[in-house]
file upload_33.json (JSON, C-alpha atoms)
[["chain", "number", "residue", "atom", "x", "y", "z"],
["A", 1, "MET", "CA", -9.27, 28.64, 5.58],
["A", 2, "ALA", "CA", -8.40, 25.38, 7.28],
["A", 3, "ILE", "CA", -6.28, 22.96, 5.27],
["A", 4, "ASN", "CA", -8.21, 19.91, 4.07],
["A", 5, "ARG", "CA", -7.32, 16.83, 6.16],
["A", 6, "LEU", "CA", -6.87, 14.88, 2.91],
["A", 7, "THR", "CA", -4.16, 17.34, 1.89],
["A", 8, "ILE", "CA", -2.45, 16.99, 5.28],
["A", 9, "ALA", "CA", -2.51, 13.19, 4.84],
["A", 10, "TRP", "CA", -0.94, 13.58, 1.39],
["A", 11, "GLY", "CA", 1.84, 15.77, 2.82],
["A", 12, "VAL", "CA", 2.45, 13.29, 5.64],
["A", 13, "LEU", "CA", 2.62, 10.41, 3.12],
["A", 14, "LEU", "CA", 5.10, 12.25, 0.90],
["A", 15, "GLY", "CA", 7.26, 13.19, 3.91],
["A", 16, "LEU", "CA", 7.25, 9.63, 5.30],
["A", 17, "SER", "CA", 8.10, 8.18, 1.87],
["A", 18, "VAL", "CA", 11.20, 10.38, 1.57],
["A", 19, "THR", "CA", 12.13, 9.59, 5.19],
["A", 20, "ALA", "CA", 11.86, 5.84, 4.47],
["A", 21, "LEU", "CA", 14.20, 6.15, 1.50],
["A", 22, "ILE", "CA", 16.77, 8.11, 3.55],
["A", 23, "VAL", "CA", 16.59, 5.72, 6.54],
["A", 24, "GLY", "CA", 16.70, 2.67, 4.23],
["A", 25, "ASN", "CA", 19.80, 3.98, 2.45],
["A", 26, "ALA", "CA", 21.54, 4.99, 5.67],
["A", 27, "ALA", "CA", 20.88, 1.69, 7.48],
["A", 28, "PRO", "CA", 23.94, -0.61, 7.52],
["A", 29, "GLY", "CA", 21.83, -3.74, 6.95],
["A", 30, "HIS", "CA", 23.61, -6.97, 7.79],
["A", 31, "ALA", "CA", 26.92, -5.15, 8.32],
["A", 32, "HIS", "CA", 25.86, -4.31, 11.87],
["A", 33, "GLU", "CA", 23.57, -6.39, 14.06],
["A", 34, "ALA", "CA", 21.85, -3.80, 16.24],
["A", 35, "LEU", "CA", 22.00, -0.86, 13.81],
["A", 36, "GLY", "CA", 20.74, -3.09, 11.01],
["A", 37, "VAL", "CA", 17.70, -4.06, 13.06],
["A", 38, "LEU", "CA", 17.22, -0.43, 14.13],
["A", 39, "GLY", "CA", 17.29, 0.66, 10.47],
["A", 40, "ALA", "CA", 14.74, -2.02, 9.51],
["A", 41, "ALA", "CA", 12.57, -0.96, 12.47],
["A", 42, "GLY", "CA", 12.78, 2.68, 11.31],
["A", 43, "VAL", "CA", 11.74, 1.79, 7.77],
["A", 44, "LEU", "CA", 8.87, -0.38, 9.06],
["A", 45, "LEU", "CA", 7.76, 2.42, 11.39],
["A", 46, "THR", "CA", 7.39, 4.77, 8.41],
["A", 47, "ALA", "CA", 5.43, 2.02, 6.60],
["A", 48, "PHE", "CA", 3.12, 1.62, 9.61],
["A", 49, "LEU", "CA", 2.57, 5.38, 9.86],
["A", 50, "LYS", "CA", 1.87, 5.62, 6.12],
["A", 51, "GLY", "CA", -0.55, 2.70, 6.29],
["A", 52, "ARG", "CA", -2.26, 4.31, 9.29],
["A", 53, "GLU", "CA", -2.67, 7.60, 7.41],
["A", 54, "ILE", "CA", -4.19, 5.78, 4.39],
["A", 55, "LEU", "CA", -6.51, 3.70, 6.59],
["A", 56, "LEU", "CA", -7.76, 6.54, 8.78],
["A", 57, "HIS", "CA", -8.11, 9.34, 6.26],
["A", 58, "TYR", "CA", -8.35, 7.83, 2.75],
["A", 59, "LEU", "CA", -10.18, 4.62, 3.65],
["A", 60, "GLU", "CA", -12.02, 6.77, 6.23],
["A", 61, "LEU", "CA", -11.72, 4.42, 9.18],
["A", 62, "LYS", "CA", -11.69, 7.59, 11.26],
["A", 63, "HIS", "CA", -15.44, 7.68, 10.69],
["A", 64, "ALA", "CA", -16.03, 3.93, 10.89],
["A", 65, "GLY", "CA", -16.67, 1.78, 13.93],
["A", 66, "ARG", "CA", -13.85, 1.42, 16.47],
["A", 67, "GLY", "CA", -13.69, -2.32, 15.80],
["A", 68, "TRP", "CA", -12.61, -1.73, 12.18],
["A", 69, "ARG", "CA", -9.85, 0.61, 13.28],
["A", 70, "ILE", "CA", -8.57, -1.90, 15.82],
["A", 71, "ILE", "CA", -8.65, -4.79, 13.31],
["A", 72, "LEU", "CA", -6.91, -2.97, 10.46],
["A", 73, "LEU", "CA", -4.33, -1.10, 12.53],
["A", 74, "SER", "CA", -3.54, -4.37, 14.34],
["A", 75, "TYR", "CA", -3.07, -5.99, 10.94],
["A", 76, "LEU", "CA", -0.48, -3.35, 10.02],
["A", 77, "LEU", "CA", 1.31, -3.76, 13.36],
["A", 78, "LEU", "CA", 1.28, -7.55, 13.10],
["A", 79, "VAL", "CA", 2.75, -7.62, 9.57],
["A", 80, "ALA", "CA", 5.44, -5.08, 10.55],
["A", 81, "ALA", "CA", 6.27, -6.96, 13.78],
["A", 82, "LEU", "CA", 6.54, -10.37, 12.07],
["A", 83, "VAL", "CA", 8.71, -8.95, 9.28],
["A", 84, "LEU", "CA", 10.95, -7.26, 11.84],
["A", 85, "GLY", "CA", 11.09, -10.49, 13.88],
["A", 86, "ALA", "CA", 12.26, -12.51, 10.86],
["A", 87, "TYR", "CA", 14.79, -9.82, 9.94],
["A", 88, "ALA", "CA", 16.15, -9.62, 13.51],
["A", 89, "ALA", "CA", 16.40, -13.42, 13.76],
["A", 90, "GLU", "CA", 18.55, -13.42, 10.65],
["A", 91, "ASN", "CA", 20.64, -10.40, 11.64],
["A", 92, "TYR", "CA", 21.47, -11.82, 15.05],
["A", 93, "GLY", "CA", 22.48, -15.15, 13.52],
["A", 94, "LEU", "CA", 19.57, -17.11, 15.01],
["A", 95, "MET", "CA", 18.82, -18.58, 11.58],
["A", 96, "ASP", "CA", 22.23, -20.31, 11.53],
["A", 97, "ILE", "CA", 21.00, -22.46, 14.41],
["A", 98, "VAL", "CA", 17.74, -23.27, 12.54],
["A", 99, "ARG", "CA", 19.59, -24.08, 9.32],
["A", 100, "LYS", "CA", 21.90, -26.62, 11.03],
["B", 101, "MET", "CA", -33.92, 7.46, 10.46],
["B", 102, "ASN", "CA", -32.56, 5.82, 13.62],
["B", 103, "GLY", "CA", -32.41, 2.06, 13.27],
["B", 104, "VAL", "CA", -33.53, 2.16, 9.66],
["B", 105, "ILE", "CA", -31.12, 1.04, 6.97],
["B", 106, "MET", "CA", -31.30, 3.55, 4.14],
["B", 107, "THR", "CA", -31.20, 1.97, 0.73],
["B", 108, "ASP", "CA", -32.50, 4.90, -1.28],
["B", 109, "THR", "CA", -29.66, 5.86, -3.62],
["B", 110, "THR", "CA", -30.70, 9.50, -3.53],
["B", 111, "MET", "CA", -29.56, 9.54, 0.08],
["B", 112, "ASP", "CA", -26.21, 7.96, -0.54],
["B", 113, "ASN", "CA", -24.34, 11.03, 0.59],
["B", 114, "HIS", "CA", -25.26, 9.94, 4.11],
["B", 115, "ARG", "CA", -23.60, 6.95, 5.67],
["B", 116, "THR", "CA", -25.85, 3.96, 6.14],
["B", 117, "GLU", "CA", -25.65, 2.35, 9.54],
["B", 118, "ASP", "CA", -24.79, -1.12, 8.30],
["B", 119, "PHE", "CA", -21.21, -2.36, 8.46],
["B", 120, "SER", "CA", -20.30, 0.47, 10.79],
["B", 121, "GLY", "CA", -19.73, 3.33, 8.38],
["B", 122, "LEU", "CA", -17.16, 1.92, 5.96],
["B", 123, "PRO", "CA", -17.18, 3.85, 2.67],
["B", 124, "GLY", "CA", -18.45, 2.17, -0.50],
["B", 125, "ASN", "CA", -19.96, -1.21, -1.14],
["B", 126, "LEU", "CA", -19.71, -4.01, 1.45],
["B", 127, "MET", "CA", -18.52, -6.49, -1.20],
["B", 128, "MET", "CA", -15.51, -4.27, -1.87],
["B", 129, "TRP", "CA", -14.60, -4.41, 1.80],
["B", 130, "ILE", "CA", -14.80, -8.20, 1.79],
["B", 131, "LEU", "CA", -12.39, -8.13, -1.17],
["B", 132, "ILE", "CA", -10.12, -5.59, 0.57],
["B", 133, "LEU", "CA", -9.89, -7.70, 3.73],
["B", 134, "SER", "CA", -9.13, -10.85, 1.71],
["B", 135, "GLU", "CA", -6.45, -9.09, -0.34],
["B", 136, "LEU", "CA", -4.82, -7.64, 2.76],
["B", 137, "ALA", "CA", -4.75, -11.10, 4.35],
["B", 138, "VAL", "CA", -3.13, -12.70, 1.26],
["B", 139, "PHE", "CA", -0.52, -9.95, 0.83],
["B", 140, "GLY", "CA", 0.18, -9.90, 4.58],
["B", 141, "VAL", "CA", 1.02, -13.61, 4.57],
["B", 142, "ALA", "CA", 3.12, -13.14, 1.42],
["B", 143, "PHE", "CA", 5.13, -10.28, 2.98],
["B", 144, "VAL", "CA", 5.91, -12.26, 6.12],
["B", 145, "GLY", "CA", 6.71, -15.29, 3.92],
["B", 146, "PHE", "CA", 9.12, -13.16, 1.89],
["B", 147, "GLU", "CA", 11.02, -12.06, 5.00],
["B", 148, "VAL", "CA", 11.13, -15.61, 6.39],
["B", 149, "ALA", "CA", 12.43, -16.93, 3.04],
["B", 150, "ARG", "CA", 15.05, -14.20, 3.19],
["B", 151, "ALA", "CA", 16.10, -15.20, 6.70],
["B", 152, "PHE", "CA", 16.81, -18.72, 5.37],
["B", 153, "ASP", "CA", 18.84, -17.50, 2.40],
["B", 154, "PRO", "CA", 20.14, -13.97, 3.10],
["B", 155, "ALA", "CA", 23.00, -14.08, 0.57],
["B", 156, "THR", "CA", 20.68, -14.71, -2.41],
["B", 157, "PHE", "CA", 18.20, -12.06, -1.24],
["B", 158, "ASP", "CA", 20.92, -9.46, -0.58],
["B", 159, "ALA", "CA", 22.47, -10.03, -4.01],
["B", 160, "GLY", "CA", 19.09, -9.84, -5.76],
["B", 161, "GLN", "CA", 17.94, -6.77, -3.84],
["B", 162, "ALA", "CA", 21.17, -4.94, -4.73],
["B", 163, "HIS", "CA", 20.00, -4.95, -8.36],
["B", 164, "LEU", "CA", 16.73, -3.16, -7.61],
["B", 165, "ASP", "CA", 16.39, 0.57, -8.18],
["B", 166, "ARG", "CA", 15.32, 1.82, -4.76],
["B", 167, "LEU", "CA", 14.89, 5.39, -5.97],
["B", 168, "LEU", "CA", 12.58, 4.36, -8.83],
["B", 169, "GLY", "CA", 10.50, 2.35, -6.34],
["B", 170, "GLY", "CA", 10.44, 5.41, -4.05],
["B", 171, "VAL", "CA", 9.25, 7.63, -6.88],
["B", 172, "ASN", "CA", 6.50, 5.10, -7.53],
["B", 173, "THR", "CA", 5.41, 5.43, -3.89],
["B", 174, "LEU", "CA", 5.06, 9.20, -4.38],
["B", 175, "VAL", "CA", 3.09, 8.55, -7.59],
["B", 176, "LEU", "CA", 0.63, 6.15, -5.93],
["B", 177, "VAL", "CA", 0.00, 8.23, -2.81],
["B", 178, "THR", "CA", -0.57, 11.29, -5.02],
["B", 179, "SER", "CA", -3.05, 9.36, -7.15],
["B", 180, "GLY", "CA", -4.79, 8.16, -3.97],
["B", 181, "TYR", "CA", -5.01, 11.75, -2.72],
["B", 182, "ILE", "CA", -6.63, 12.88, -5.99],
["B", 183, "ALA", "CA", -9.17, 10.00, -5.79],
["B", 184, "ALA", "CA", -9.98, 10.98, -2.17],
["B", 185, "LEU", "CA", -10.62, 14.56, -3.36],
["B", 186, "GLY", "CA", -12.86, 13.07, -6.05],
["B", 187, "VAL", "CA", -14.98, 11.29, -3.43],
["B", 188, "GLU", "CA", -15.21, 14.53, -1.46],
["B", 189, "ALA", "CA", -16.38, 16.40, -4.59],
["B", 190, "GLY", "CA", -18.94, 13.66, -5.34],
["B", 191, "ARG", "CA", -20.40, 13.95, -1.83],
["B", 192, "LYS", "CA", -20.83, 17.69, -2.34],
["B", 193, "GLY", "CA", -22.82, 16.92, -5.50],
["B", 194, "LEU", "CA", -20.04, 18.17, -7.80],
["B", 195, "LYS", "CA", -20.32, 15.19, -10.15],
["B", 196, "ALA", "CA", -18.38, 16.63, -13.09],
["B", 197, "LYS", "CA", -15.51, 17.63, -10.81],
["B", 198, "ALA", "CA", -15.56, 14.20, -9.18],
["B", 199, "SER", "CA", -15.30, 12.52, -12.59],
["B", 200, "ARG", "CA", -12.44, 14.78, -13.64],
["B", 201, "LEU", "CA", -10.55, 14.02, -10.43],
["B", 202, "PHE", "CA", -11.05, 10.26, -10.88],
["B", 203, "ILE", "CA", -9.78, 10.44, -14.47],
["B", 204, "ALA", "CA", -6.78, 12.44, -13.20],
["B", 205, "ALA", "CA", -6.17, 9.84, -10.47],
["B", 206, "SER", "CA", -6.17, 7.06, -13.08],
["B", 207, "GLY", "CA", -3.78, 9.09, -15.26],
["B", 208, "VAL", "CA", -1.32, 9.55, -12.38],
["B", 209, "GLY", "CA", -1.81, 5.87, -11.52],
["B", 210, "SER", "CA", -0.73, 4.85, -15.01],
["B", 211, "VAL", "CA", 2.60, 6.63, -14.42],
["B", 212, "PHE", "CA", 3.20, 3.90, -11.81],
["B", 213, "LEU", "CA", 2.86, 1.27, -14.55],
["B", 214, "VAL", "CA", 5.23, 3.12, -16.89],
["B", 215, "ILE", "CA", 7.88, 3.29, -14.15],
["B", 216, "LYS", "CA", 7.24, -0.38, -13.32],
["B", 217, "MET", "CA", 7.82, -1.30, -16.98],
["B", 218, "VAL", "CA", 11.11, 0.65, -16.99],
["B", 219, "GLU", "CA", 12.12, -1.24, -13.84],
["B", 220, "TYR", "CA", 11.13, -4.65, -15.24],
["B", 221, "SER", "CA", 12.89, -4.09, -18.55],
["B", 222, "ALA", "CA", 16.10, -3.10, -16.71],
["B", 223, "THR", "CA", 15.85, -6.20, -14.50],
["B", 224, "LEU", "CA", 15.07, -8.56, -17.38],
["B", 225, "SER", "CA", 17.76, -7.12, -19.63],
["B", 226, "ALA", "CA", 20.26, -7.65, -16.80],
["B", 227, "GLY", "CA", 19.35, -11.33, -17.12],
["B", 228, "TYR", "CA", 17.12, -11.72, -14.04],
["B", 229, "THR", "CA", 13.80, -13.48, -14.50],
["B", 230, "ILE", "CA", 11.18, -15.08, -12.28],
["B", 231, "ASP", "CA", 13.17, -18.34, -12.57],
["B", 232, "SER", "CA", 16.55, -16.86, -11.58],
["B", 233, "ASP", "CA", 16.41, -17.55, -7.85],
["B", 234, "ALA", "CA", 14.18, -17.37, -4.76],
["B", 235, "PHE", "CA", 14.53, -13.59, -4.51],
["B", 236, "PHE", "CA", 13.61, -12.81, -8.10],
["B", 237, "GLY", "CA", 10.84, -15.41, -8.03],
["B", 238, "LEU", "CA", 9.19, -13.66, -5.07],
["B", 239, "TYR", "CA", 10.05, -10.19, -6.39],
["B", 240, "PHE", "CA", 8.36, -10.76, -9.74],
["B", 241, "MET", "CA", 5.42, -12.56, -8.13],
["B", 242, "LEU", "CA", 4.72, -9.89, -5.48],
["B", 243, "THR", "CA", 5.33, -6.81, -7.64],
["B", 244, "GLY", "CA", 3.60, -8.41, -10.65],
["B", 245, "PHE", "CA", 0.53, -9.35, -8.62],
["B", 246, "HIS", "CA", 0.45, -5.83, -7.19],
["B", 247, "ALA", "CA", 0.88, -4.27, -10.66],
["B", 248, "LEU", "CA", -2.11, -6.32, -11.87],
["B", 249, "HIS", "CA", -4.13, -4.72, -9.08],
["B", 250, "VAL", "CA", -2.93, -1.31, -10.29],
["B", 251, "VAL", "CA", -4.17, -2.15, -13.81],
["B", 252, "PHE", "CA", -7.53, -3.26, -12.42],
["B", 253, "GLY", "CA", -7.70, -0.21, -10.13],
["B", 254, "ILE", "CA", -7.07, 2.21, -13.00],
["B", 255, "GLY", "CA", -9.89, 0.53, -14.94],
["B", 256, "LEU", "CA", -12.18, 0.77, -11.92],
["B", 257, "LEU", "CA", -11.39, 4.48, -11.41],
["B", 258, "LEU", "CA", -12.36, 5.12, -15.04],
["B", 259, "VAL", "CA", -15.55, 3.06, -14.76],
["B", 260, "VAL", "CA", -16.76, 4.93, -11.66],
["B", 261, "SER", "CA", -15.78, 8.29, -13.20],
["B", 262, "PHE", "CA", -18.51, 7.48, -15.73],
["B", 263, "TRP", "CA", -21.10, 5.89, -13.41],
["B", 264, "ASN", "CA", -20.37, 8.36, -10.66],
["B", 265, "SER", "CA", -22.89, 7.79, -7.88],
["B", 266, "VAL", "CA", -21.37, 8.53, -4.47],
["B", 267, "GLU", "CA", -21.39, 4.82, -3.59],
["B", 268, "ASN", "CA", -19.57, 3.94, -6.82],
["B", 269, "LEU", "CA", -16.99, 6.68, -6.25],
["B", 270, "GLU", "CA", -16.43, 5.47, -2.67],
["B", 271, "THR", "CA", -16.14, 1.85, -3.79],
["B", 272, "GLY", "CA", -13.66, 2.60, -6.61],
["B", 273, "ALA", "CA", -11.58, 4.83, -4.34],
["B", 274, "ALA", "CA", -11.59, 2.21, -1.55],
["B", 275, "PHE", "CA", -10.07, -0.37, -3.91],
["B", 276, "TRP", "CA", -7.49, 2.18, -5.07],
["B", 277, "HIS", "CA", -6.50, 3.07, -1.50],
["B", 278, "MET", "CA", -6.04, -0.64, -0.77],
["B", 279, "VAL", "CA", -3.66, -0.91, -3.76],
["B", 280, "ASP", "CA", -1.81, 2.08, -2.28],
["B", 281, "LEU", "CA", -1.75, 0.50, 1.19],
["B", 282, "ILE", "CA", -0.30, -2.76, -0.16],
["B", 283, "TRP", "CA", 2.47, -0.89, -2.00],
["B", 284, "VAL", "CA", 3.29, 1.10, 1.14],
["B", 285, "LEU", "CA", 4.09, -2.26, 2.79],
["B", 286, "LEU", "CA", 5.59, -4.00, -0.27],
["B", 287, "TYR", "CA", 8.11, -1.27, -1.14],
["B", 288, "PRO", "CA", 9.98, -1.15, 2.20],
["B", 289, "ILE", "CA", 9.94, -4.93, 2.63],
["B", 290, "VAL", "CA", 11.13, -5.86, -0.87],
["B", 291, "TYR", "CA", 13.25, -2.81, -1.79],
["B", 292, "LEU", "CA", 14.40, -0.98, 1.33],
["B", 293, "ILE", "CA", 15.11, -3.33, 4.22],
["B", 294, "ARG", "CA", 18.46, -4.99, 3.59]]
call {"tool": "encode", "arguments": {"input": "upload_33.json", "output": "structure tokens"}}
result
Amino acid sequence: MAINRLTIAWGVLLGLSVTALIVGNAAPGHAHEALGVLGAAGVLLTAFLKGREILLHYLELKHAGRGWRIILLSYLLLVAALVLGAYAAENYGLMDIVRK
Amino acid sequence: MNGVIMTDTTMDNHRTEDFSGLPGNLMMWILILSELAVFGVAFVGFEVARAFDPATFDAGQAHLDRLLGGVNTLVLVTSGYIAALGVEAGRKGLKAKASRLFIAASGVGSVFLVIKMVEYSATLSAGYTIDSDAFFGLYFMLTGFHALHVVFGIGLLLVVSFWNSVENLETGAAFWHMVDLIWVLLYPIVYLIR
């Protein structure tokens, strides 16, 4: 018997959640410029993949029009990219210039 | 039925052709899109505020229990999974099973609130409130606003477990998945990224 896709999505979500916690704890944060940004990018990637799984399989965008998929997946990407951009600006000291 | 919009509720196990096959009621999707827009702006705003005052945000974030927040992620995605199974059961005509699954989903969802209360009481008893600083102001506002959605979502799951037409089940579950989706973004941004 084939495994229900909803069950696969659940497993993926659990796995990504644990991965996010491990990556988030291992990331050096502000202690290291590049690795800090890489850690934040890793955590945000797991968030994007989790959001994608929820959108496609639980909110059933897999069966909806292509336009909805593009809009909502773009939303996820945009939020993750802007958050990462703000984090990277701070980690690389760009905000010191803005603050002055 | 090509080109004909089906409104007969006895046929609600088939997707209507309006609004391109989104599950549940259109009004719920308008709400979902508005909520996602508001939370999206708030998340980016949080990170920008942090970039302006990293020391305050780092100090505040260090007091959060990342593991407890992580456990709450597992709780919400599990509850969402159970609700999705409930919709599937409802579409197969297994109404009693669908109702049981929705009640179970709301039960698991309330574990999220219990954990959230444990987290809040630890934070408050450590002397941090919404007025403490920019970090705790945003932390309490974002997590509190999300927790209110969890409360509403649990109520909605229970309501549709009683009035369990397929459209109602889809609509209730869609709101619940949105609450899940928002947490999946909120948790890494507020708790994990440092």
call {"tool": "residues_around", "arguments": {"input": "upload_33.json", "residues": "Glu53 of chain A", "least_positions_apart": "3", "cutoff": "10 Å", "atoms": "all atoms listed in the file", "output": "list of chain:residue names"}}
result
A:Leu6, A:Ile8, A:Ala9, A:Trp10, A:Val12, A:Leu13, A:Ala47, A:Phe48, A:Leu49, A:Lys50, A:Leu56, A:His57, A:Tyr58, A:Leu59, A:Glu60, A:Leu61, A:Lys62, B:Leu281
call {"tool": "write_last_selection", "arguments": {"input": "upload_33.json", "atoms": "C-alpha atoms", "output": "PDB file, keeping the file's coordinate frame"}}
result
ATOM      1  CA  LEU A   6      -6.870  14.880   2.910  1.00  0.00           C
ATOM      2  CA  ILE A   8      -2.450  16.990   5.280  1.00  0.00           C
ATOM      3  CA  ALA A   9      -2.510  13.190   4.840  1.00  0.00           C
ATOM      4  CA  TRP A  10      -0.940  13.580   1.390  1.00  0.00           C
ATOM      5  CA  VAL A  12       2.450  13.290   5.640  1.00  0.00           C
ATOM      6  CA  LEU A  13       2.620  10.410   3.120  1.00  0.00           C
ATOM      7  CA  ALA A  47       5.430   2.020   6.600  1.00  0.00           C
ATOM      8  CA  PHE A  48       3.120   1.620   9.610  1.00  0.00           C
ATOM      9  CA  LEU A  49       2.570   5.380   9.860  1.00  0.00           C
ATOM     10  CA  LYS A  50       1.870   5.620   6.120  1.00  0.00           C
ATOM     11  CA  LEU A  56      -7.760   6.540   8.780  1.00  0.00           C
ATOM     12  CA  HIS A  57      -8.110   9.340   6.260  1.00  0.00           C
ATOM     13  CA  TYR A  58      -8.350   7.830   2.750  1.00  0.00           C
ATOM     14  CA  LEU A  59     -10.180   4.620   3.650  1.00  0.00           C
ATOM     15  CA  GLU A  60     -12.020   6.770   6.230  1.00  0.00           C
ATOM     16  CA  LEU A  61     -11.720   4.420   9.180  1.00  0.00           C
ATOM     17  CA  LYS A  62     -11.690   7.590  11.260  1.00  0.00           C
TER      18      LYS A  62
ATOM     19  CA  LEU B 281      -1.750   0.500   1.190  1.00  0.00           C
TER      20      LEU B 281
END
call {"tool": "atom_distance", "arguments": {"input": "upload_33.json", "atom1": "atom CA of Leu168 of chain B", "atom2": "atom CA of Met278 of chain B"}}
result
20.9 Å
call {"tool": "interface_residues", "arguments": {"input": "upload_33.json", "of": "chain A", "to": "chain B", "cutoff": "6 Å", "atoms": "all atoms listed in the file", "output": "NGL selection string"}}
result
:A and (24 or 29 or 40 or 47 or 51 or 59 or 64-65 or 83 or 86 or 90)
call {"tool": "axis_aligned_box", "arguments": {"input": "upload_33.json", "around": "segment 2-18 of chain A", "padding_each_side": "8 Å", "output": "JSON"}}
result
{"center_x": 1.4, "center_y": 16.8, "center_z": 4.1, "size_x": 35.6, "size_y": 33.2, "size_z": 22.4}
call {"tool": "atom_distance", "arguments": {"input": "upload_33.json", "atom1": "atom CA of Ala155 of chain B", "atom2": "atom CA of Ala234 of chain B"}}
result
10.8 Å
call {"tool": "closest_residue", "arguments": {"input": "upload_33.json", "among": "A:Ala34, A:Ala20, A:Ala26, A:Ala2", "to": "Gly93 of chain A", "atoms": "only C-alpha atoms"}}
result
A:Ala34
call {"tool": "residues_around", "arguments": {"input": "upload_33.json", "residues": "Ala80 of chain A", "least_positions_apart": "2", "cutoff": "8 Å", "atoms": "only C-alpha atoms", "output": "count of residues only"}}
result
9
call {"tool": "build_atoms", "arguments": {"input": "upload_33.json", "residues": "segment 62-78 of chain A", "atoms": "N, CA and C atoms", "output": "short mmCIF file (atom, residue, chain, number, x, y, z; two decimals), keeping the file's coordinate frame"}}
result
data_model
loop_
_atom_site.label_atom_id
_atom_site.label_comp_id
_atom_site.auth_asym_id
_atom_site.auth_seq_id
_atom_site.Cartn_x
_atom_site.Cartn_y
_atom_site.Cartn_z
N LYS A 62 -11.47 6.59 10.21
CA LYS A 62 -11.69 7.59 11.26
C LYS A 62 -13.18 7.72 11.57
N HIS A 63 -13.99 7.53 10.52
CA HIS A 63 -15.44 7.68 10.69
C HIS A 63 -16.15 6.34 10.86
N ALA A 64 -15.40 5.26 10.78
CA ALA A 64 -16.03 3.93 10.89
C ALA A 64 -16.04 3.48 12.35
N GLY A 65 -16.60 2.30 12.58
CA GLY A 65 -16.67 1.78 13.93
C GLY A 65 -15.27 1.52 14.49
N ARG A 66 -15.15 1.58 15.81
CA ARG A 66 -13.85 1.42 16.47
C ARG A 66 -13.26 0.04 16.18
N GLY A 67 -14.13 -0.95 16.06
CA GLY A 67 -13.69 -2.32 15.80
C GLY A 67 -12.88 -2.41 14.51
N TRP A 68 -13.33 -1.71 13.46
CA TRP A 68 -12.61 -1.73 12.18
C TRP A 68 -11.22 -1.13 12.32
N ARG A 69 -11.17 -0.03 13.08
CA ARG A 69 -9.85 0.61 13.28
C ARG A 69 -8.91 -0.34 14.00
N ILE A 70 -9.42 -0.99 15.04
CA ILE A 70 -8.57 -1.90 15.82
C ILE A 70 -8.08 -3.05 14.93
N ILE A 71 -9.01 -3.64 14.16
CA ILE A 71 -8.65 -4.79 13.31
C ILE A 71 -7.59 -4.40 12.28
N LEU A 72 -7.81 -3.29 11.57
CA LEU A 72 -6.91 -2.97 10.46
C LEU A 72 -5.58 -2.38 10.93
N LEU A 73 -5.60 -1.62 12.02
CA LEU A 73 -4.33 -1.10 12.53
C LEU A 73 -3.53 -2.24 13.17
N SER A 74 -4.22 -3.20 13.79
CA SER A 74 -3.54 -4.37 14.34
C SER A 74 -2.90 -5.19 13.23
N TYR A 75 -3.61 -5.27 12.11
CA TYR A 75 -3.07 -5.99 10.94
C TYR A 75 -1.73 -5.37 10.52
N LEU A 76 -1.71 -4.05 10.42
CA LEU A 76 -0.48 -3.35 10.02
C LEU A 76 0.64 -3.64 11.01
N LEU A 77 0.31 -3.53 12.31
CA LEU A 77 1.31 -3.76 13.36
C LEU A 77 1.83 -5.19 13.31
N LEU A 78 0.91 -6.14 13.11
CA LEU A 78 1.28 -7.55 13.10
C LEU A 78 2.23 -7.85 11.94
#
